[in-house]
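Trainee: Okay, so here is protein_28.cif, and as you'll see once you scroll down, it has mmCIF, C-alpha atoms and all ligand atoms.
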```cif
data_work
loop_
_atom_site.label_atom_id
_atom_site.label_comp_id
_atom_site.auth_asym_id
_atom_site.auth_seq_id
_atom_site.Cartn_x
_atom_site.Cartn_y
_atom_site.Cartn_z
CA MET G 1 98.44 115.89 69.05
CA GLU G 2 96.84 118.34 71.43
CA ASN G 3 93.92 116.18 72.40
CA GLU G 4 91.37 116.42 75.18
CA ALA G 5 93.22 113.96 77.40
CA ILE G 6 96.37 116.10 77.36
CA VAL G 7 94.36 119.24 78.17
CA ASN G 8 92.66 117.43 81.08
CA LEU G 9 95.94 116.08 82.39
CA ARG G 10 97.48 119.55 82.25
CA LYS G 11 94.53 120.94 84.25
CA ILE G 12 94.93 118.26 86.90
CA LEU G 13 98.65 118.97 87.20
CA GLN G 14 98.02 122.69 87.59
CA HIS G 15 96.02 122.02 90.76
CA THR G 16 98.18 119.21 92.09
CA ARG G 17 100.23 119.91 95.24
CA ARG G 18 100.97 116.46 96.66
CA GLY G 19 101.09 114.29 93.58
CA VAL G 20 102.62 110.84 93.51
CA PHE G 21 103.79 108.96 90.46
CA PHE G 22 103.68 105.17 90.59
CA GLY G 23 105.60 103.57 87.74
CA GLY G 24 107.20 100.50 86.31
CA ALA G 25 109.44 99.21 83.56
CA GLY G 26 107.41 100.96 80.83
CA VAL G 27 108.75 104.30 82.09
CA SER G 28 112.24 103.32 80.95
CA THR G 29 111.52 101.65 77.60
CA GLU G 30 111.87 105.04 75.89
CA SER G 31 115.37 105.11 77.42
CA GLY G 32 116.16 101.85 75.63
CA ILE G 33 115.68 99.47 78.59
CA PRO G 34 113.35 96.57 77.73
CA ASP G 35 110.44 95.89 80.06
CA PHE G 36 109.11 92.42 80.89
CA ARG G 37 105.70 92.15 79.24
CA SER G 38 105.72 94.31 76.07
CA GLU G 39 105.98 92.72 72.61
CA ASP G 40 109.77 93.14 72.68
CA GLY G 41 109.95 92.66 76.46
CA LEU G 42 112.18 90.13 78.18
CA TYR G 43 109.38 87.57 78.58
CA ARG G 44 109.18 87.20 74.79
CA GLN G 45 112.89 86.52 74.42
CA LYS G 46 114.18 82.98 74.63
CA TYR G 47 116.28 81.86 77.57
CA LYS G 48 116.93 78.51 79.17
CA TYR G 49 114.72 79.63 82.08
CA PRO G 50 111.91 82.23 82.24
CA PRO G 51 113.17 85.66 83.50
CA GLU G 52 111.12 85.52 86.71
CA ARG G 53 112.79 82.21 87.62
CA ILE G 54 116.28 83.62 86.91
CA LEU G 55 115.48 86.72 88.95
CA SER G 56 114.37 84.71 91.98
CA HIS G 57 116.14 84.27 95.29
CA SER G 58 116.38 80.50 94.96
CA PHE G 59 117.89 80.78 91.48
CA PHE G 60 120.43 83.32 92.76
CA GLU G 61 121.38 80.89 95.50
CA GLY G 62 121.48 77.76 93.34
CA HIS G 63 122.67 79.05 89.95
CA THR G 64 124.62 82.17 90.83
CA GLU G 65 126.78 82.13 87.72
CA GLU G 66 123.79 81.86 85.37
CA PHE G 67 122.02 84.57 87.35
CA TYR G 68 124.97 86.92 86.78
CA ALA G 69 125.23 86.12 83.07
CA PHE G 70 121.58 87.17 82.60
CA TYR G 71 121.81 90.07 85.01
CA ARG G 72 124.88 91.58 83.31
CA ASP G 73 123.40 91.06 79.88
CA LYS G 74 119.85 92.32 80.50
CA MET G 75 119.52 94.28 83.73
CA LEU G 76 122.69 96.39 83.87
CA CYS G 77 121.89 99.29 81.55
CA LEU G 78 124.42 101.71 82.96
CA ASP G 79 124.58 104.06 79.98
CA ALA G 80 120.80 104.57 79.70
CA GLN G 81 119.70 108.18 80.06
CA PRO G 82 116.48 109.63 81.49
CA ASN G 83 113.73 110.27 78.96
CA ALA G 84 111.02 112.94 78.86
CA ALA G 85 108.96 111.13 81.52
CA HIS G 86 111.77 110.99 84.09
CA LYS G 87 112.67 114.62 83.38
CA LYS G 88 109.11 115.90 83.68
CA LEU G 89 108.61 114.13 87.01
CA ALA G 90 111.79 115.73 88.36
CA GLN G 91 110.54 119.12 87.16
CA TRP G 92 107.16 118.64 88.88
CA GLU G 93 108.95 117.82 92.12
CA ARG G 94 111.00 121.03 91.86
CA GLU G 95 107.81 123.00 91.17
CA GLY G 96 106.17 121.61 94.31
CA ARG G 97 103.53 119.54 92.51
CA LEU G 98 104.95 116.08 93.06
CA ALA G 99 105.73 114.72 96.53
CA ALA G 100 107.24 111.40 95.50
CA VAL G 101 107.98 108.88 92.81
CA VAL G 102 107.22 105.27 93.73
CA THR G 103 108.95 102.99 91.26
CA GLN G 104 109.28 99.29 90.62
CA ASN G 105 112.32 100.04 88.47
CA ILE G 106 115.85 99.30 89.52
CA ASP G 107 117.65 101.44 86.95
CA GLY G 108 118.09 104.67 88.96
CA LEU G 109 116.92 106.86 86.07
CA HIS G 110 114.58 108.96 88.22
CA GLN G 111 117.51 110.07 90.38
CA LYS G 112 119.63 110.62 87.25
CA ALA G 113 116.90 112.99 86.03
CA GLY G 114 116.98 114.91 89.33
CA SER G 115 114.11 113.42 91.37
CA ARG G 116 114.96 113.37 95.06
CA VAL G 117 112.11 111.56 96.78
CA VAL G 118 112.11 108.17 95.08
CA TYR G 119 110.83 105.00 96.73
CA GLU G 120 112.56 102.16 94.94
CA LEU G 121 110.29 99.25 95.80
CA HIS G 122 112.54 96.71 94.11
CA GLY G 123 115.88 98.26 95.02
CA SER G 124 118.60 99.47 92.68
CA ILE G 125 121.31 98.03 90.47
CA TRP G 126 123.54 100.87 91.68
CA ARG G 127 123.92 99.41 95.19
CA ASN G 128 125.60 96.07 95.85
CA PHE G 129 126.57 94.30 99.05
CA CYS G 130 128.58 91.33 100.21
CA THR G 131 126.13 88.72 101.49
CA LYS G 132 128.60 87.72 104.22
CA CYS G 133 130.20 90.88 105.66
CA GLY G 134 127.87 93.56 104.27
CA MET G 135 130.61 95.54 102.50
CA ALA G 136 129.15 97.93 99.87
CA TYR G 137 130.34 97.78 96.27
CA PRO G 138 129.77 100.12 93.30
CA VAL G 139 127.95 98.71 90.30
CA GLN G 140 131.17 98.79 88.26
CA ARG G 141 132.43 95.96 90.47
CA ILE G 142 129.62 93.82 89.03
CA ALA G 143 129.66 95.19 85.49
CA LYS G 144 133.38 94.91 84.82
CA GLY G 145 134.02 91.38 86.00
CA SER G 146 132.73 88.05 84.78
CA GLY G 147 131.46 85.05 86.68
CA VAL G 148 130.32 85.40 90.29
CA PRO G 149 131.67 88.53 92.05
CA HIS G 150 133.24 87.82 95.43
CA CYS G 151 134.28 89.98 98.35
CA PRO G 152 137.80 89.51 99.78
CA CYS G 153 136.06 87.96 102.82
CA GLY G 154 134.87 85.14 100.55
CA GLY G 155 131.20 86.18 100.47
CA VAL G 156 129.19 86.50 97.26
CA ILE G 157 128.35 90.08 96.25
CA LYS G 158 124.63 90.57 95.59
CA PRO G 159 122.83 93.49 93.97
CA ASP G 160 120.50 95.39 96.29
CA VAL G 161 117.53 94.43 94.14
CA VAL G 162 114.49 92.63 95.46
CA LEU G 163 114.38 89.25 93.75
CA TYR G 164 111.22 87.19 93.42
CA GLU G 165 110.59 85.33 96.72
CA GLU G 166 112.21 88.18 98.69
CA PRO G 167 110.27 90.64 100.84
CA LEU G 168 110.20 94.38 100.13
CA ASP G 169 112.17 96.70 102.41
CA GLU G 170 109.83 97.75 105.25
CA ARG G 171 110.95 101.38 105.34
CA VAL G 172 110.67 101.87 101.58
CA LEU G 173 107.26 100.22 101.64
CA SER G 174 105.87 102.35 104.46
CA GLY G 175 107.29 105.56 102.92
CA ALA G 176 105.59 104.71 99.64
CA VAL G 177 102.29 103.87 101.34
CA GLU G 178 102.30 107.15 103.30
CA ALA G 179 103.06 109.21 100.19
CA ILE G 180 100.26 107.51 98.22
CA ARG G 181 97.81 107.86 101.11
CA ALA G 182 98.52 111.61 101.38
CA ALA G 183 98.48 112.27 97.63
CA ASP G 184 95.93 114.53 95.96
CA THR G 185 96.77 113.10 92.53
CA LEU G 186 98.11 109.65 91.67
CA ILE G 187 99.54 109.05 88.22
CA ILE G 188 100.20 105.42 87.39
CA GLY G 189 102.34 104.81 84.33
CA GLY G 190 104.34 102.23 82.43
CA THR G 191 103.36 99.27 84.53
CA SER G 192 101.29 96.17 83.85
CA LEU G 193 100.33 96.08 87.57
CA ASN G 194 101.06 92.37 87.61
CA VAL G 195 103.77 92.29 90.26
CA TYR G 196 102.63 92.10 93.88
CA PRO G 197 102.81 93.41 96.56
CA ALA G 198 103.95 96.53 94.62
CA ALA G 199 100.80 96.77 92.49
CA GLY G 200 98.60 96.64 95.59
CA LEU G 201 100.00 99.94 96.89
CA ILE G 202 97.80 101.99 94.58
CA ASP G 203 94.81 100.86 96.66
CA PHE G 204 95.97 103.22 99.42
CA PHE G 205 95.15 106.23 97.26
CA ARG G 206 92.32 108.39 98.64
CA GLY G 207 92.82 111.59 96.63
CA ASP G 208 90.79 113.23 93.89
CA ASN G 209 92.58 112.51 90.66
CA LEU G 210 93.64 109.08 89.49
CA VAL G 211 95.32 108.96 86.08
CA VAL G 212 96.73 105.93 84.29
CA ILE G 213 99.08 106.32 81.33
CA ASN G 214 100.16 103.08 79.71
CA LYS G 215 100.66 101.39 76.38
CA GLY G 216 97.63 99.11 76.57
CA ALA G 217 95.49 98.65 79.64
CA PRO G 218 97.20 97.28 82.76
CA ALA G 219 96.03 94.11 84.49
CA LYS G 220 93.62 95.92 86.84
CA ASP G 221 90.12 96.96 85.92
CA MET G 222 90.36 100.46 84.36
CA ARG G 223 86.65 101.15 84.09
CA GLY G 224 85.85 104.68 85.26
CA VAL G 225 89.54 105.62 85.45
CA PHE G 226 91.07 108.49 83.46
CA PHE G 227 93.20 106.28 81.21
CA ILE G 228 95.53 107.52 78.48
CA ASP G 229 96.68 104.78 76.13
CA GLY G 230 100.08 105.94 74.92
CA LYS G 231 103.80 106.24 75.47
CA ILE G 232 104.45 107.96 78.74
CA GLY G 233 107.44 110.02 77.54
CA GLU G 234 105.45 111.30 74.59
CA VAL G 235 102.44 112.12 76.78
CA PHE G 236 104.44 113.88 79.51
CA ALA G 237 106.42 115.89 76.94
CA GLN G 238 103.13 117.58 75.99
CA VAL G 239 101.96 118.40 79.51
P1 LIG G 301 105.93 95.06 82.90
O1 LIG G 301 106.96 94.72 81.88
O2 LIG G 301 105.14 93.99 83.50
O3 LIG G 301 104.90 96.09 82.26
C1 LIG G 301 105.30 97.23 81.57
C2 LIG G 301 104.05 97.94 81.08
O4 LIG G 301 104.45 99.19 80.54
C3 LIG G 301 103.31 97.19 79.99
O5 LIG G 301 101.92 97.28 80.24
C4 LIG G 301 103.68 97.95 78.71
O6 LIG G 301 102.68 97.91 77.73
C5 LIG G 301 103.85 99.34 79.26
N1 LIG G 301 104.78 100.19 78.50
C6 LIG G 301 105.92 99.83 77.86
N2 LIG G 301 106.53 100.92 77.35
C7 LIG G 301 105.72 101.97 77.66
C8 LIG G 301 105.81 103.37 77.41
N3 LIG G 301 106.81 103.91 76.71
N4 LIG G 301 104.82 104.17 77.89
C9 LIG G 301 103.78 103.65 78.58
N5 LIG G 301 103.65 102.34 78.85
C10 LIG G 301 104.62 101.52 78.39
O7 LIG G 301 106.67 95.94 84.00
P2 LIG G 301 106.27 96.24 85.53
O8 LIG G 301 104.81 96.42 85.66
O9 LIG G 301 107.18 97.29 86.00
O10 LIG G 301 106.61 94.90 86.34
C11 LIG G 301 107.68 94.03 86.08
C12 LIG G 301 108.93 94.15 86.91
O11 LIG G 301 109.89 94.56 85.99
C13 LIG G 301 109.09 95.16 88.00
O12 LIG G 301 109.13 94.49 89.20
C14 LIG G 301 110.49 95.79 87.76
O13 LIG G 301 111.28 95.61 88.91
C15 LIG G 301 111.07 94.97 86.66
N6 LIG G 301 111.85 95.59 85.60
C16 LIG G 301 112.47 96.78 85.77
C17 LIG G 301 113.17 97.35 84.73
C18 LIG G 301 113.86 98.67 84.95
O14 LIG G 301 114.34 98.93 86.04
N7 LIG G 301 113.89 99.54 83.95
C19 LIG G 301 113.22 96.71 83.48
C20 LIG G 301 112.59 95.47 83.34
C21 LIG G 301 111.89 94.92 84.40
#
```
Could you take the file, read its structure, and then write that structure out as structure tokens?
Ligand code: NAD
Mentor:
Amino acid sequence: MENEAIVNLRKILQHTRRGVFFGGAGVSTESGIPDFRSEDGLYRQKYKYPPERILSHSFFEGHTEEFYAFYRDKMLCLDAQPNAAHKKLAQWEREGRLAAVVTQNIDGLHQKAGSRVVYELHGSIWRNFCTKCGMAYPVQRIAKGSGVPHCPCGGVIKPDVVLYEEPLDERVLSGAVEAIRAADTLIIGGTSLNVYPAAGLIDFFRGDNLVVINKGAPAKDMRGVFFIDGKIGEVFAQV
């Protein structure tokens, strides 16, 4: 479909020089990674505890084994490959249109696609640290084992992902805010905009073109916003 929205988006991109993309789990569903709030998202699946409880700091501390069972099963998608959305964003960066990707995702697919400036607001499954001595571990250390992974020092190894109840990394946060503040175009995609403080960052945008691409409207008021209701990979593949 070569519709008006695609033509308009293409025009915006042609004039964009400091674009920022702000995305969430919906960017990776076309790579086979489930999001939280879609029909087949993790919130609709049945677990003993709701996903946001399992992915919280207190749950990690109190039920570490159960945390890891869920985490290995649902969050470690190591074989997933970038889709058309990740690839297009990396291309726009190379072409000098996009200054940064700000993502709530933890899957590392933007970097896999070739993006270099990526602010990972919620960290990454690819980095892991001992909570006692700080030793770094590759993700395979988590993926291959079972039960709770331990460092030889006796400390528990924890993924470098921001769990619920944990603060965002200050440097990542300020880098993301600066990029959004300086952007001429902000494209928001594949996010329900339900998770704070991440979702609040889009309020720093002062540029000319705000575009939202999502399957269904996000939680924020979209009146007056250039909103494309669709799959982000399919939309970006046409731009
Ligand atoms: P969310 O699940 O709350 O919302 C995803 C949104 O994307 C929904 O509105 C959905 O309709 C839309 N969507 C789904 N597939 C789409 C597609 N192909 N094209 C366009 N839109 C699509 O996700 P969120 O807003 O990112 O917030 C939840 C939290 O989920 C984040 O903090 C993130 O850390 C975490 N998360 C990350 C991953 C990942 O790293 N891939 C996966 C699951 C959850």
Trainee: Please compute the atom CA of G:Asn3-atom CA of G:Lys220 distance, one decimal, in Å.
Mentor: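 A separation of 24.9 Å between them.
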Trainee: Where does chain G meet ligand LIG 301 (chain G) within 7 Å, residue by residue, with the nearest atom pair and distance in Å to one decimal for each, counting only C-alpha atoms and all ligand atoms, listed by chain and rising number, as a tab-separated table?
Mentor:
```
residue	atom	partner	partner_atom	distance
G:Gly23	CA	G:LIG301	O9	6.7
G:Gly24	CA	G:LIG301	O9	3.2
G:Ala25	CA	G:LIG301	O9	3.8
G:Gly26	CA	G:LIG301	O4	3.5
G:Val27	CA	G:LIG301	C8	5.6
G:Ser28	CA	G:LIG301	N7	5.1
G:Thr29	CA	G:LIG301	N2	5.0
G:Glu30	CA	G:LIG301	N3	5.2
G:Ile33	CA	G:LIG301	N7	5.7
G:Pro34	CA	G:LIG301	C19	5.8
G:Asp35	CA	G:LIG301	C20	3.9
G:Phe36	CA	G:LIG301	O1	3.3
G:Arg37	CA	G:LIG301	O1	3.9
G:Ser38	CA	G:LIG301	C4	4.9
G:Gly41	CA	G:LIG301	O1	6.5
G:Met75	CA	G:LIG301	C19	6.8
G:Gln104	CA	G:LIG301	O13	4.5
G:Asn105	CA	G:LIG301	O14	3.3
G:Ile106	CA	G:LIG301	O14	3.8
G:Asp107	CA	G:LIG301	O14	4.3
G:His122	CA	G:LIG301	O13	5.5
G:Gly189	CA	G:LIG301	C9	6.0
G:Gly190	CA	G:LIG301	O4	3.6
G:Thr191	CA	G:LIG301	O8	3.4
G:Ser192	CA	G:LIG301	O5	3.8
G:Leu193	CA	G:LIG301	O8	4.9
G:Asn194	CA	G:LIG301	O8	5.9
G:Val195	CA	G:LIG301	O10	5.5
G:Ile213	CA	G:LIG301	C9	6.1
G:Asn214	CA	G:LIG301	N5	3.7
G:Lys215	CA	G:LIG301	N5	4.0
G:Gly216	CA	G:LIG301	O6	5.3
G:Ala217	CA	G:LIG301	O5	6.6
G:Pro218	CA	G:LIG301	O5	5.4
G:Gly230	CA	G:LIG301	C9	5.7
G:Lys231	CA	G:LIG301	N4	3.3
G:Ile232	CA	G:LIG301	N4	3.9
G:Gly233	CA	G:LIG301	N3	6.2
```
Trainee: Based on the selection just made, write C-alpha atoms of those residues as a compact mmCIF listing (two decimals), keeping the file's coordinate frame.
Mentor:
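Result file is result38.txt:
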```
# COMPACT_ATOMS: atom_id res chain seq x y z
CA GLY G 23 105.60 103.57 87.74
CA GLY G 24 107.20 100.50 86.31
CA ALA G 25 109.44 99.21 83.56
CA GLY G 26 107.41 100.96 80.83
CA VAL G 27 108.75 104.30 82.09
CA SER G 28 112.24 103.32 80.95
CA THR G 29 111.52 101.65 77.60
CA GLU G 30 111.87 105.04 75.89
CA ILE G 33 115.68 99.47 78.59
CA PRO G 34 113.35 96.57 77.73
CA ASP G 35 110.44 95.89 80.06
CA PHE G 36 109.11 92.42 80.89
CA ARG G 37 105.70 92.15 79.24
CA SER G 38 105.72 94.31 76.07
CA GLY G 41 109.95 92.66 76.46
CA MET G 75 119.52 94.28 83.73
CA GLN G 104 109.28 99.29 90.62
CA ASN G 105 112.32 100.04 88.47
CA ILE G 106 115.85 99.30 89.52
CA ASP G 107 117.65 101.44 86.95
CA HIS G 122 112.54 96.71 94.11
CA GLY G 189 102.34 104.81 84.33
CA GLY G 190 104.34 102.23 82.43
CA THR G 191 103.36 99.27 84.53
CA SER G 192 101.29 96.17 83.85
CA LEU G 193 100.33 96.08 87.57
CA ASN G 194 101.06 92.37 87.61
CA VAL G 195 103.77 92.29 90.26
CA ILE G 213 99.08 106.32 81.33
CA ASN G 214 100.16 103.08 79.71
CA LYS G 215 100.66 101.39 76.38
CA GLY G 216 97.63 99.11 76.57
CA ALA G 217 95.49 98.65 79.64
CA PRO G 218 97.20 97.28 82.76
CA GLY G 230 100.08 105.94 74.92
CA LYS G 231 103.80 106.24 75.47
CA ILE G 232 104.45 107.96 78.74
CA GLY G 233 107.44 110.02 77.54
```
Trainee: Ranking G:Leu210, G:Leu55, G:Ile187, G:Ala237 by minimum distance to G:Lys158 and counting all atoms listed in the file, which one comes first?
Mentor: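 When distances to G:Lys158 are compared using all atoms listed in the file, the smallest one comes from G:Leu55.
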Trainee: List the spatial neighbours of G:Leu13 as a PyMOL selection string - criterion: any atom at most 12 Å away, only C-alpha atoms, same-chain residues fewer than 5 positions off excluded.
Mentor: chain G and resi 6-8+18-21+88-89+91-93+95-98+184-187+208-211+236+239
Trainee: Each residue of stretch 62-128 of chain G lying at most 8 Å from stretch 160-166 of chain G should get a row with its shortest atom-to-atom pair and the distance in Å to one decimal, counting all atoms listed in the file; could you produce that, ordered by chain and increasing number, as JSON lines?
Mentor:
```
{"residue": "G:Ile106", "atom": "CA", "partner": "G:Val161", "partner_atom": "CA", "distance": 6.9}
{"residue": "G:Leu121", "atom": "CA", "partner": "G:Val162", "partner_atom": "CA", "distance": 7.8}
{"residue": "G:His122", "atom": "CA", "partner": "G:Val162", "partner_atom": "CA", "distance": 4.7}
{"residue": "G:Gly123", "atom": "CA", "partner": "G:Val161", "partner_atom": "CA", "distance": 4.3}
{"residue": "G:Ser124", "atom": "CA", "partner": "G:Val161", "partner_atom": "CA", "distance": 5.4}
{"residue": "G:Ile125", "atom": "CA", "partner": "G:Val161", "partner_atom": "CA", "distance": 6.4}
{"residue": "G:Trp126", "atom": "CA", "partner": "G:Asp160", "partner_atom": "CA", "distance": 7.8}
{"residue": "G:Arg127", "atom": "CA", "partner": "G:Asp160", "partner_atom": "CA", "distance": 5.4}
{"residue": "G:Asn128", "atom": "CA", "partner": "G:Asp160", "partner_atom": "CA", "distance": 5.2}
```
Trainee: Please indicate the distance in Å from atom CA of G:Glu178 to atom CA of G:Ser115, rounded to one decimal place.
Mentor: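 Taking atom CA of G:Glu178 and atom CA of G:Ser115, their separation equals 17.9 Å.
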Trainee: For each of G:Asp40, G:Glu120, G:Glu4, G:Asp73, take the minimum atom-to-atom distance to G:Arg171, counting all atoms listed in the file, then give the residue where this is smallest.
Mentor: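 Smallest separation from G:Arg171 among the options: G:Glu120.
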Trainee: Just checking: using only C-alpha atoms, which residue out of G:Gly108, G:Gly32, G:Gly114, G:Gly62 ends up closest to G:Lys87?
Mentor: G:Gly114
Trainee: Could you list, as number ranges by chain, every residue within 10 Å of G:Val235, counting all atoms listed in the file and ignoring same-chain residues fewer than 6 positions away?
Mentor: G: 1-2, 5-6, 9, 84-85, 213-214, 228-229
